[in-house]
Amino acid sequence: KYTTLSLISVLSLPIMTSAGGCTLLTETIFNTIAPSAAAPYTYNGFCTAISAWNAANPTNQIFEEGTEMQQKHEIAAFLGNTLHESGEFQAAREYMQCGDNIVVGGQVLCKPCASANFDWTSKTCSTSLVTGGS
């Protein structure tokens, strides 16, 4: 379970030459804060999300504005809130396994599935919520 002390460790990270969430937050610290993180809430998922957001929003970069200490505060606040809201990075889709995932361009995409259509034995989804079909 994450603790205030582990979130405070984010603020104690050494000064780096480059800013940004994944430069300021190491995988070791992330895994200390969220040791049971499940996809997509892994360190790599965190870094991929930051990179994708920043690439798509060059004038509104996440964890890139202000002083380095302000960036660390933003990361700590973000992690504190998202850890709480996601069951400590374990509640992807409220603990439901990804059914019928597919890799597209190196990213794992999941078929959104209603609980009634999810087969817990095979971990597959018979009907996509997006297409209304397969």
# chains A, B, ... in the order shown; residues from 1 in each chain; ligands from 1
$ residues_around --residues "range 39-52 of chain A" --least-positions-apart "4" --cutoff "7 Å" --atoms "only C-alpha atoms" --output "CSV table (one decimal) with N, CA, C and O atoms, in the first residue's frame"
chain,number,residue,atom,x,y,z
A,22,CYS,N,8.8,11.2,-16.5
A,22,CYS,CA,9.6,10.0,-16.4
A,22,CYS,C,11.0,10.3,-16.2
A,22,CYS,O,11.8,9.4,-15.9
A,27,GLU,N,11.6,4.5,-12.3
A,27,GLU,CA,10.8,3.3,-12.2
A,27,GLU,C,10.9,2.6,-10.8
A,27,GLU,O,9.9,2.1,-10.3
A,30,PHE,N,8.5,4.6,-8.6
A,30,PHE,CA,7.1,4.3,-9.1
A,30,PHE,C,6.7,2.9,-8.5
A,30,PHE,O,5.6,2.8,-7.9
A,56,ALA,N,0.9,15.4,-28.3
A,56,ALA,CA,-0.4,15.9,-28.9
A,56,ALA,C,-0.7,17.3,-28.4
A,56,ALA,O,-1.6,18.0,-28.9
A,62,ILE,N,2.3,18.2,-19.8
A,62,ILE,CA,2.1,17.7,-18.4
A,62,ILE,C,3.5,17.5,-17.8
A,62,ILE,O,4.3,16.9,-18.4
A,89,PHE,N,-3.6,1.6,-8.6
A,89,PHE,CA,-3.2,1.2,-9.9
A,89,PHE,C,-3.5,-0.3,-10.3
A,89,PHE,O,-2.8,-0.9,-11.0
A,92,ALA,N,-7.9,-1.3,-13.3
A,92,ALA,CA,-8.1,-1.0,-14.7
A,92,ALA,C,-9.5,-1.6,-15.0
A,92,ALA,O,-9.8,-2.8,-14.8
$ atom_distance --atom1 "CA of Thr59 in chain A" --atom2 "CA of Thr28 in chain A"
29.6 Å
$ residues_around --residues "Leu83 in chain A" --least-positions-apart "6" --cutoff "9 Å" --atoms "only C-alpha atoms" --output "PyMOL selection string"
chain A and resi 2+33-34+89-90
$ write_last_selection --atoms "N, CA and C atoms" --output "tab-separated table (two decimals), in the first residue's frame"
chain	number	residue	atom	x	y	z
A	2	TYR	N	0.52	2.21	-0.83
A	2	TYR	CA	1.33	3.43	-0.88
A	2	TYR	C	1.16	4.21	0.41
A	33	ILE	N	5.98	3.07	-4.84
A	33	ILE	CA	4.68	3.70	-4.57
A	33	ILE	C	3.54	2.76	-4.97
A	34	ALA	N	3.70	2.06	-6.07
A	34	ALA	CA	2.63	1.20	-6.60
A	34	ALA	C	3.19	-0.18	-6.94
A	89	PHE	N	-3.62	1.59	-8.59
A	89	PHE	CA	-3.22	1.21	-9.95
A	89	PHE	C	-3.50	-0.25	-10.26
A	90	GLN	N	-4.56	-0.79	-9.67
A	90	GLN	CA	-4.95	-2.17	-9.94
A	90	GLN	C	-6.33	-2.27	-10.56
$ atom_distance --atom1 "CA of Pro35 in chain A" --atom2 "CA of Ala77 in chain A"
18.1 Å
